[in-house]
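**Student:** Got model.cif for you, mmCIF, C-alpha atoms and all ligand atoms:
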```
data_protein
#
loop_
_atom_site.label_atom_id
_atom_site.label_comp_id
_atom_site.auth_asym_id
_atom_site.auth_seq_id
_atom_site.Cartn_x
_atom_site.Cartn_y
_atom_site.Cartn_z
CA MET A 1 91.78 116.37 85.70
CA ILE A 2 91.33 112.66 85.33
CA THR A 3 93.13 110.96 88.19
CA MET A 4 92.33 107.43 87.09
CA ASN A 5 94.95 105.21 85.58
CA THR A 6 95.15 107.03 82.33
CA ILE A 7 97.51 109.63 80.92
CA SER A 8 96.54 113.05 82.19
CA ILE A 9 97.85 116.53 82.76
CA SER A 10 97.90 116.74 86.55
CA ARG A 11 96.55 119.72 88.41
CA ARG A 12 98.54 118.55 91.39
CA LYS A 13 101.11 121.26 91.06
CA PHE A 14 103.29 119.79 93.74
CA ALA A 15 104.03 116.90 91.43
CA GLN A 16 106.35 119.15 89.50
CA ILE A 17 108.83 118.99 92.30
CA LEU A 18 108.89 115.23 92.18
CA GLY A 19 111.54 114.95 89.49
CA ALA A 20 114.41 112.51 89.86
CA GLY A 21 116.57 114.95 91.80
CA ALA A 22 113.86 115.81 94.28
CA THR A 23 113.13 112.12 94.69
CA ALA A 24 116.70 111.38 95.66
CA ALA A 25 116.62 114.17 98.22
CA LEU A 26 113.40 112.90 99.77
CA VAL A 27 114.44 109.30 100.22
CA ARG A 28 116.23 107.99 103.26
CA PRO A 29 116.34 104.25 102.65
CA THR A 30 116.52 102.23 105.83
CA PHE A 31 115.51 98.93 104.27
CA SER A 32 117.89 96.30 102.97
CA PHE A 33 117.03 93.37 100.74
CA ALA A 34 120.27 91.62 101.60
CA ASN A 35 118.79 89.71 104.53
CA GLN A 36 115.50 88.77 102.91
CA PRO A 37 114.84 85.01 102.64
CA GLU A 38 115.68 83.52 99.26
CA HIS A 39 112.41 81.64 99.16
CA VAL A 40 109.68 84.17 99.72
CA SER A 41 106.60 82.35 100.92
CA ALA A 42 103.33 83.68 102.23
CA THR A 43 103.11 80.74 104.60
CA SER A 44 106.48 80.51 106.32
CA ASN A 45 108.41 77.44 105.20
CA ALA A 46 105.73 75.79 103.09
CA VAL A 47 106.55 74.94 99.50
CA ARG A 48 104.00 77.12 97.78
CA LEU A 49 103.06 75.74 94.39
CA SER A 50 99.40 76.69 94.57
CA ALA A 51 98.98 80.16 93.07
CA ASN A 52 101.10 80.26 89.88
CA GLU A 53 103.42 82.83 91.37
CA ASN A 54 106.96 83.56 90.22
CA PRO A 55 109.36 82.16 92.85
CA TYR A 56 112.29 84.31 91.67
CA GLY A 57 110.67 87.58 92.71
CA PRO A 58 110.73 91.01 91.10
CA SER A 59 113.62 92.39 89.09
CA PRO A 60 116.46 93.90 91.21
CA SER A 61 115.71 97.19 89.42
CA ALA A 62 112.11 96.97 90.59
CA LEU A 63 113.25 96.43 94.17
CA LYS A 64 115.53 99.45 93.91
CA ALA A 65 112.81 101.58 92.31
CA MET A 66 110.49 100.75 95.20
CA THR A 67 113.11 101.58 97.82
CA ASP A 68 113.72 104.86 96.03
CA SER A 69 109.97 105.56 96.08
CA PHE A 70 109.31 105.17 99.80
CA GLY A 71 109.53 108.94 100.19
CA LEU A 72 106.88 109.44 97.51
CA SER A 73 104.26 107.44 99.37
CA CYS A 74 102.56 110.65 100.52
CA ARG A 75 101.81 111.63 96.91
CA TYR A 76 99.08 110.51 94.51
CA PRO A 77 100.48 108.40 91.74
CA ASP A 78 99.34 110.28 88.58
CA GLU A 79 102.73 110.96 87.05
CA HIS A 80 103.87 107.39 87.66
CA ASN A 81 100.74 106.13 85.89
CA ASN A 82 101.77 108.19 82.91
CA VAL A 83 105.33 106.89 82.88
CA LEU A 84 104.22 103.26 82.97
CA ILE A 85 101.48 103.81 80.39
CA GLU A 86 103.94 105.40 77.96
CA LYS A 87 106.34 102.47 78.36
CA LEU A 88 103.59 99.91 77.87
CA ALA A 89 102.28 101.75 74.83
CA LYS A 90 105.74 101.67 73.27
CA LEU A 91 106.24 98.01 74.19
CA ASN A 92 102.95 97.01 72.63
CA ASN A 93 103.15 99.34 69.65
CA VAL A 94 99.93 101.20 70.49
CA SER A 95 99.18 104.74 71.61
CA HIS A 96 98.98 105.70 75.28
CA ASP A 97 95.20 106.10 75.15
CA GLN A 98 94.92 102.42 74.28
CA ILE A 99 96.33 101.31 77.65
CA LEU A 100 94.39 101.08 80.91
CA LEU A 101 96.20 100.10 84.11
CA GLY A 102 94.53 97.98 86.77
CA ASP A 103 95.09 96.93 90.36
CA GLY A 104 96.33 93.61 89.01
CA SER A 105 94.79 92.26 85.82
CA GLY A 106 92.07 90.98 88.17
CA GLU A 107 90.76 94.54 88.27
CA ILE A 108 90.66 94.64 84.46
CA LEU A 109 88.63 91.42 84.42
CA LYS A 110 86.21 92.86 86.98
CA LEU A 111 85.86 96.11 85.04
CA CYS A 112 85.09 94.19 81.83
CA ALA A 113 82.42 92.14 83.63
CA GLU A 114 80.88 95.31 85.06
CA THR A 115 80.98 97.21 81.77
CA PHE A 116 79.91 94.53 79.32
CA THR A 117 77.76 91.97 81.16
CA GLY A 118 74.51 92.13 83.07
CA LYS A 119 70.80 91.56 82.65
CA GLN A 120 70.59 94.27 79.95
CA ARG A 121 74.03 93.94 78.35
CA GLY A 122 74.23 90.17 78.01
CA ALA A 123 75.82 87.05 79.38
CA LEU A 124 79.42 86.17 80.09
CA VAL A 125 80.57 83.22 77.98
CA VAL A 126 83.51 81.27 79.39
CA ALA A 127 85.28 77.95 78.99
CA VAL A 128 85.25 75.26 81.67
CA PRO A 129 87.57 74.91 83.34
CA THR A 130 89.07 78.39 83.21
CA PHE A 131 90.18 81.18 85.55
CA GLU A 132 87.04 81.83 87.55
CA ALA A 133 87.35 85.34 88.98
CA ILE A 134 85.42 86.96 86.15
CA LEU A 135 82.54 84.48 86.56
CA LEU A 136 81.99 85.75 90.08
CA ASN A 137 82.20 89.39 88.94
CA ALA A 138 79.66 88.82 86.16
CA SER A 139 77.28 86.91 88.43
CA ALA A 140 77.47 89.69 91.02
CA ASN A 141 76.53 92.03 88.17
CA GLY A 142 73.34 90.02 87.57
CA ALA A 143 74.65 88.45 84.36
CA ASP A 144 74.05 84.90 83.21
CA VAL A 145 77.21 82.84 82.80
CA VAL A 146 77.32 80.38 79.90
CA LYS A 147 79.94 77.65 80.26
CA VAL A 148 81.39 75.93 77.22
CA PRO A 149 83.68 72.93 77.87
CA LEU A 150 87.23 73.02 76.47
CA THR A 151 87.84 70.78 73.46
CA GLY A 152 89.55 67.37 73.76
CA SER A 153 92.90 69.13 73.26
CA PHE A 154 92.10 71.61 76.08
CA ALA A 155 91.63 74.54 73.69
CA HIS A 156 88.69 76.95 73.86
CA ASP A 157 85.80 75.72 71.73
CA LEU A 158 85.53 79.04 69.92
CA PRO A 159 82.71 78.21 67.45
CA LYS A 160 80.52 77.08 70.37
CA MET A 161 81.46 80.12 72.44
CA MET A 162 80.60 82.45 69.56
CA ALA A 163 77.28 80.69 68.99
CA ALA A 164 76.44 80.97 72.71
CA ALA A 165 77.04 84.74 72.86
CA LYS A 166 74.36 87.31 72.24
CA GLY A 167 75.88 90.65 73.13
CA GLY A 168 77.72 90.51 76.44
CA LEU A 169 81.30 89.31 76.78
CA ILE A 170 83.31 86.25 75.75
CA TYR A 171 86.29 85.53 78.00
CA VAL A 172 89.21 83.64 76.43
CA CYS A 173 92.07 82.77 78.76
CA ASN A 174 95.15 82.05 76.65
CA PRO A 175 97.22 80.26 77.93
CA ASN A 176 94.36 78.89 80.00
CA ASN A 177 94.39 78.57 83.78
CA PRO A 178 94.13 75.84 85.19
CA THR A 179 95.04 73.64 82.21
CA ALA A 180 98.16 75.59 81.00
CA SER A 181 96.98 74.81 77.46
CA ILE A 182 96.70 77.21 74.54
CA THR A 183 94.06 77.96 71.95
CA PRO A 184 95.76 77.96 68.50
CA LYS A 185 96.49 81.37 67.04
CA ASP A 186 94.75 80.79 63.67
CA GLU A 187 91.53 79.74 65.37
CA LEU A 188 91.65 82.69 67.74
CA ARG A 189 92.39 85.22 65.01
CA ASP A 190 89.52 83.87 62.91
CA PHE A 191 87.22 84.05 65.94
CA VAL A 192 88.15 87.69 66.61
CA GLU A 193 87.49 88.53 62.93
CA LYS A 194 84.11 86.81 62.86
CA THR A 195 82.52 87.56 66.22
CA PRO A 196 79.68 90.06 65.68
CA ARG A 197 80.58 93.60 66.82
CA GLY A 198 77.92 93.71 69.54
CA THR A 199 79.75 91.04 71.51
CA MET A 200 82.92 92.02 73.37
CA ILE A 201 85.92 89.68 73.59
CA LEU A 202 88.40 89.69 76.47
CA VAL A 203 91.58 87.70 75.83
CA ASP A 204 93.46 87.16 79.09
CA GLU A 205 97.20 86.84 78.39
CA ALA A 206 98.41 86.65 81.99
CA TYR A 207 100.78 83.80 81.06
CA PHE A 208 101.81 85.24 77.66
CA HIS A 209 105.54 85.26 78.44
CA TYR A 210 105.66 81.55 79.22
CA ALA A 211 104.15 80.45 75.91
CA ASP A 212 106.70 79.47 73.27
CA SER A 213 104.64 77.27 70.96
CA PRO A 214 104.61 78.30 67.28
CA ASP A 215 100.86 77.85 67.58
CA TYR A 216 100.60 80.68 70.11
CA GLU A 217 100.28 84.38 69.40
CA SER A 218 99.25 87.49 71.30
CA MET A 219 96.05 89.14 70.11
CA ILE A 220 97.30 92.68 70.91
CA PRO A 221 98.11 93.51 67.25
CA LEU A 222 94.46 92.85 66.36
CA VAL A 223 93.20 95.59 68.67
CA GLN A 224 93.79 98.28 66.01
CA ASP A 225 91.07 96.84 63.78
CA HIS A 226 88.70 95.45 66.41
CA PRO A 227 86.80 97.77 68.76
CA SER A 228 85.27 94.72 70.49
CA LEU A 229 88.65 93.27 71.50
CA ILE A 230 90.35 93.79 74.87
CA VAL A 231 93.60 92.04 75.79
CA SER A 232 94.74 91.87 79.42
CA ARG A 233 98.27 91.34 80.78
CA THR A 234 99.76 91.28 84.25
CA PHE A 235 102.93 92.08 86.18
CA SER A 236 102.12 89.23 88.58
CA LYS A 237 103.71 86.40 86.63
CA ILE A 238 106.96 86.85 84.64
CA TYR A 239 107.64 90.15 86.43
CA GLY A 240 107.22 88.51 89.85
CA MET A 241 104.98 91.24 91.29
CA ALA A 242 101.89 89.29 92.41
CA GLY A 243 101.83 90.93 95.83
CA LEU A 244 102.20 94.43 94.42
CA ARG A 245 99.09 94.33 92.19
CA CYS A 246 99.56 95.76 88.74
CA GLY A 247 98.07 94.74 85.41
CA TYR A 248 96.73 96.41 82.30
CA CYS A 249 94.75 95.98 79.17
CA VAL A 250 95.10 97.08 75.58
CA ALA A 251 91.99 98.12 73.65
CA GLN A 252 90.77 100.90 71.41
CA LYS A 253 90.41 104.34 73.01
CA GLU A 254 86.60 104.32 72.71
CA THR A 255 86.42 100.89 74.33
CA LEU A 256 88.53 102.09 77.26
CA GLU A 257 86.31 105.15 77.59
CA ARG A 258 83.38 102.82 78.20
CA ILE A 259 85.30 100.90 80.87
CA ARG A 260 86.89 103.84 82.71
CA PRO A 261 83.82 105.20 84.54
CA HIS A 262 83.59 101.87 86.37
CA GLN A 263 87.11 102.18 87.75
CA MET A 264 88.18 103.66 91.04
CA TRP A 265 90.57 106.61 90.67
CA ASP A 266 94.23 105.90 91.31
CA SER A 267 93.69 102.19 91.77
CA VAL A 268 97.35 101.29 91.20
CA ASN A 269 99.70 102.27 94.00
CA ILE A 270 102.99 104.09 93.56
CA MET A 271 105.18 101.11 94.55
CA ALA A 272 103.59 98.89 91.91
CA LEU A 273 103.89 101.62 89.28
CA THR A 274 107.56 102.34 89.88
CA ALA A 275 108.38 98.63 90.14
CA GLY A 276 106.49 97.93 86.92
CA SER A 277 108.30 100.69 85.05
CA ALA A 278 111.70 99.53 86.29
CA SER A 279 110.92 95.91 85.38
CA LEU A 280 110.21 96.85 81.80
CA ASP A 281 113.67 98.45 81.61
CA ASP A 282 115.41 95.32 82.89
CA PRO A 283 116.45 93.29 79.83
CA GLU A 284 117.15 90.19 81.98
CA GLN A 285 113.84 89.76 83.81
CA VAL A 286 111.82 88.13 81.04
CA PRO A 287 114.45 85.83 79.46
CA ASN A 288 115.72 84.74 82.89
CA GLY A 289 112.21 83.94 84.08
CA GLN A 290 111.47 82.02 80.91
CA ARG A 291 114.70 80.01 81.09
CA LEU A 292 114.40 79.12 84.78
CA ASN A 293 110.75 78.18 84.39
CA ASN A 294 111.51 76.00 81.36
CA GLU A 295 114.36 74.20 83.13
CA ALA A 296 112.33 73.41 86.25
CA LYS A 297 109.26 72.51 84.17
CA THR A 298 111.19 70.14 81.88
CA PHE A 299 112.72 68.47 84.92
CA THR A 300 109.35 68.05 86.66
CA ILE A 301 107.51 66.77 83.59
CA GLY A 302 110.36 64.29 82.94
CA GLU A 303 110.15 62.92 86.49
CA LEU A 304 106.34 62.67 86.34
CA ASN A 305 106.60 60.86 82.99
CA LYS A 306 109.00 58.34 84.56
CA MET A 307 106.35 57.71 87.21
CA GLY A 308 103.71 57.18 84.49
CA TYR A 309 101.89 60.53 84.74
CA LYS A 310 101.26 62.56 81.65
CA THR A 311 100.82 66.32 81.82
CA ILE A 312 98.63 68.43 79.57
CA PRO A 313 101.16 70.22 77.27
CA SER A 314 102.06 73.29 79.34
CA GLN A 315 102.57 76.78 77.92
CA ALA A 316 102.59 78.46 81.32
CA ASN A 317 104.43 78.55 84.67
CA PHE A 318 102.34 75.66 85.96
CA ILE A 319 101.36 72.19 84.87
CA MET A 320 98.21 70.11 85.14
CA PHE A 321 98.26 66.32 85.06
CA ASP A 322 95.99 63.34 85.54
CA CYS A 323 96.66 61.64 88.89
CA LYS A 324 94.40 58.72 87.88
CA ARG A 325 92.47 59.06 91.11
CA PRO A 326 90.49 61.79 92.92
CA VAL A 327 92.81 64.71 93.54
CA LEU A 328 91.08 66.18 96.60
CA PRO A 329 92.55 63.79 99.19
CA LEU A 330 95.93 64.08 97.45
CA ILE A 331 95.90 67.85 97.79
CA LYS A 332 95.33 67.45 101.53
CA ALA A 333 98.00 64.76 101.88
CA MET A 334 100.48 67.00 100.04
CA LYS A 335 99.63 69.90 102.33
CA ASP A 336 100.27 67.66 105.35
CA ARG A 337 103.78 67.27 103.90
CA ASN A 338 104.11 71.04 103.62
CA VAL A 339 103.69 71.15 99.85
CA HIS A 340 100.80 73.34 98.66
CA VAL A 341 99.42 72.54 95.20
CA GLY A 342 96.44 73.95 93.31
CA ARG A 343 92.87 73.43 94.48
CA LEU A 344 90.31 70.99 93.09
CA PHE A 345 88.85 72.01 89.72
CA PRO A 346 85.50 70.16 89.67
CA PRO A 347 85.35 69.61 85.85
CA VAL A 348 88.66 67.67 86.07
CA PRO A 349 88.45 65.96 89.49
CA ASN A 350 91.45 63.67 88.88
CA HIS A 351 93.81 66.42 87.72
CA MET A 352 96.34 68.22 89.90
CA ARG A 353 97.56 71.74 89.08
CA VAL A 354 101.09 72.47 90.22
CA THR A 355 102.96 75.76 89.90
CA ILE A 356 106.52 75.47 88.62
CA GLY A 357 108.70 76.71 91.46
CA LYS A 358 112.48 76.59 91.82
CA LYS A 359 114.12 73.23 91.06
CA SER A 360 114.59 72.55 94.79
CA GLU A 361 110.86 73.16 95.33
CA MET A 362 109.98 70.80 92.49
CA GLU A 363 112.17 68.15 94.13
CA SER A 364 110.18 68.64 97.36
CA PHE A 365 106.97 68.36 95.34
CA LEU A 366 108.10 65.12 93.64
CA ASN A 367 109.21 63.57 96.94
CA ALA A 368 105.89 64.41 98.60
CA PHE A 369 103.94 63.23 95.56
CA LYS A 370 105.77 59.88 95.52
CA GLN A 371 104.93 59.43 99.21
CA VAL A 372 101.23 60.24 98.90
CA MET A 373 100.83 58.00 95.85
CA ALA A 374 102.69 55.08 97.46
C1 LIG A 401 94.49 83.66 83.92
C2 LIG A 401 94.64 84.67 85.01
N1 LIG A 401 94.19 85.90 84.80
C3 LIG A 401 94.29 86.84 85.74
C4 LIG A 401 94.86 86.55 86.96
C5 LIG A 401 94.90 87.64 87.99
O1 LIG A 401 96.18 88.10 88.09
P1 LIG A 401 96.53 89.51 88.75
O2 LIG A 401 95.27 90.11 89.27
O3 LIG A 401 97.50 89.18 89.81
O4 LIG A 401 97.11 90.30 87.62
C6 LIG A 401 95.36 85.27 87.22
C7 LIG A 401 95.96 84.96 88.52
O5 LIG A 401 96.46 83.92 88.79
C8 LIG A 401 95.23 84.30 86.21
O6 LIG A 401 95.64 83.06 86.42
#
```
Please lay out the structure from this file as structure tokens.
Ligand SMILES: Cc1ncc(COP(=O)(O)O)c(C=O)c1O
**Tutor:**
Amino acid sequence: MITMNTISISRRKFAQILGAGATAALVRPTFSFANQPEHVSATSNAVRLSANENPYGPSPSALKAMTDSFGLSCRYPDEHNNVLIEKLAKLNNVSHDQILLGDGSGEILKLCAETFTGKQRGALVVAVPTFEAILLNASANGADVVKVPLTGSFAHDLPKMMAAAKGGLIYVCNPNNPTASITPKDELRDFVEKTPRGTMILVDEAYFHYADSPDYESMIPLVQDHPSLIVSRTFSKIYGMAGLRCGYCVAQKETLERIRPHQMWDSVNIMALTAGSASLDDPEQVPNGQRLNNEAKTFTIGELNKMGYKTIPSQANFIMFDCKRPVLPLIKAMKDRNVHVGRLFPPVPNHMRVTIGKKSEMESFLNAFKQVMA
């Protein structure tokens, strides 16, 4: 049996007793969400706008699914992998063997670096600035990392990235972290069509649900025709499950078969799997998250504009803007006022990255920002 995060027929016979009825009998919930703080923060009362998290938390159905699963914590998660994979396959209009789950999409990025980069396999080609985790994974794998600056409109410079790649892996983060900008769909489609087969492409769509520009499009439908294409998604953002760790990628079966041997078995835990499945069944989670993010983002951008600060057009749950002076001391001064914003990104030393929190949190951010700039 394969016990990794792929569909499998389990030899764990005991799993057969873990149907819905047996589950109900096993569970004795003693935990209530009623008295949980409204603003969940990893650092007590700080306003946490530093990690592009979703301040509204997981879907109520996900919370219930997790409570209902406490009693299953003694079991390996195979069957729950299968349930989530089937749902994701249906959602993305692919077959179940084209989905691989990960311990957050961070694990998918790491697996792609391990599988497709290295001294023999080739370099990792990335934009600067972009989400850096995969750079560290590729470097640890002995791979060279080629950095190609974003264009003037903060899109990936795809012709230059393609020219820089010889085998190996090109990483395209769309929408891009930390700039919140997108790479236009026509350019990206053309790039996927034209990149030579020996070079793999990973499109990271962690912020997919927050993008509403007509110029934006998911690359998942292109997977059918492109064995070199892998598209990653996460439950950490719109589904509010950053602390649970669940992500996945879509790729052709043969591509996933190359990646799988690098993965630890059962890397996604049962709480994350049941919460992920329940989230997908909640019709409110995505539109609510989009609406609340848009409202707080529009408010924040409007206030910053009034103060004379212009943001890079944002297609994500965070914004980046030019502070017109070095951001490093500002980050510290904001922290002293209990407002945590994104770290310094050396290629854009005057830009601040701020996660869009609840409106009340954005008011705290704006108050602190006014003070530190005064
Ligand atoms: C662009 C991007 N990709 C991947 C990740 C990793 O997300 P996770 O491992 O929580 O799915 C993040 C986290 O912020 C991100 O910004």
**Student:** Please identify every polymer residue within 9 Å of ligand LIG 401 (chain A), using only C-alpha atoms and all ligand atoms, and present the set as a PyMOL selection string.
**Tutor:** chain A and resi 51-53+102-109+130-134+173-178+204-207+232-237+241-248
**Student:** Convert the current residue selection to file output with C-alpha atoms, as a tab-separated table (two decimals), in the frame of the given file.
**Tutor:**
```
chain	number	residue	atom	x	y	z
A	51	ALA	CA	98.98	80.16	93.07
A	52	ASN	CA	101.10	80.26	89.88
A	53	GLU	CA	103.42	82.83	91.37
A	102	GLY	CA	94.53	97.98	86.77
A	103	ASP	CA	95.09	96.93	90.36
A	104	GLY	CA	96.33	93.61	89.01
A	105	SER	CA	94.79	92.26	85.82
A	106	GLY	CA	92.07	90.98	88.17
A	107	GLU	CA	90.76	94.54	88.27
A	108	ILE	CA	90.66	94.64	84.46
A	109	LEU	CA	88.63	91.42	84.42
A	130	THR	CA	89.07	78.39	83.21
A	131	PHE	CA	90.18	81.18	85.55
A	132	GLU	CA	87.04	81.83	87.55
A	133	ALA	CA	87.35	85.34	88.98
A	134	ILE	CA	85.42	86.96	86.15
A	173	CYS	CA	92.07	82.77	78.76
A	174	ASN	CA	95.15	82.05	76.65
A	175	PRO	CA	97.22	80.26	77.93
A	176	ASN	CA	94.36	78.89	80.00
A	177	ASN	CA	94.39	78.57	83.78
A	178	PRO	CA	94.13	75.84	85.19
A	204	ASP	CA	93.46	87.16	79.09
A	205	GLU	CA	97.20	86.84	78.39
A	206	ALA	CA	98.41	86.65	81.99
A	207	TYR	CA	100.78	83.80	81.06
A	232	SER	CA	94.74	91.87	79.42
A	233	ARG	CA	98.27	91.34	80.78
A	234	THR	CA	99.76	91.28	84.25
A	235	PHE	CA	102.93	92.08	86.18
A	236	SER	CA	102.12	89.23	88.58
A	237	LYS	CA	103.71	86.40	86.63
A	241	MET	CA	104.98	91.24	91.29
A	242	ALA	CA	101.89	89.29	92.41
A	243	GLY	CA	101.83	90.93	95.83
A	244	LEU	CA	102.20	94.43	94.42
A	245	ARG	CA	99.09	94.33	92.19
A	246	CYS	CA	99.56	95.76	88.74
A	247	GLY	CA	98.07	94.74	85.41
A	248	TYR	CA	96.73	96.41	82.30
```
**Student:** Range 90-117 of chain A near range 143-160 of chain A within 10 Å: what's each residue's closest atom pair and its distance in Å to one decimal, counting all atoms listed in the file, ordered by chain then ascending residue number, as a Markdown table?
**Tutor:**
```
| residue | atom | partner | partner_atom | distance |
| --- | --- | --- | --- | --- |
| A:Ala113 | CA | A:Ala143 | CA | 8.6 |
| A:Glu114 | CA | A:Ala143 | CA | 9.3 |
| A:Phe116 | CA | A:Ala143 | CA | 9.5 |
| A:Thr117 | CA | A:Ala143 | CA | 5.7 |
```
**Student:** Kindly provide, as a list in words, the polymer residues lying within 6 Å of (95.8, 62.0, 85.5), counting only C-alpha atoms and using the coordinates exactly as they appear in the file.
**Tutor:** Phe321, Asp322, Cys323, Lys324, Asn350 and His351 of chain A
**Student:** Interatomic distance between CA of Val203 in chain A and CA of Tyr56 in chain A?
**Tutor:** 26.3 Å
**Student:** Could you state the separation of CA of Pro58 in chain A and CA of Leu304 in chain A in Å, given to one decimal place?
**Tutor:**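 Computing it gives 29.1 Å between the two atoms.
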**Student:** Which of these, A:Glu284, A:Asp186, A:Asp212, A:Glu79, has the shortest distance to Tyr239 in chain A once you count all atoms listed in the file?
**Tutor:**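 Among the listed residues, the smallest separation from Tyr239 in chain A belongs to A:Glu284.
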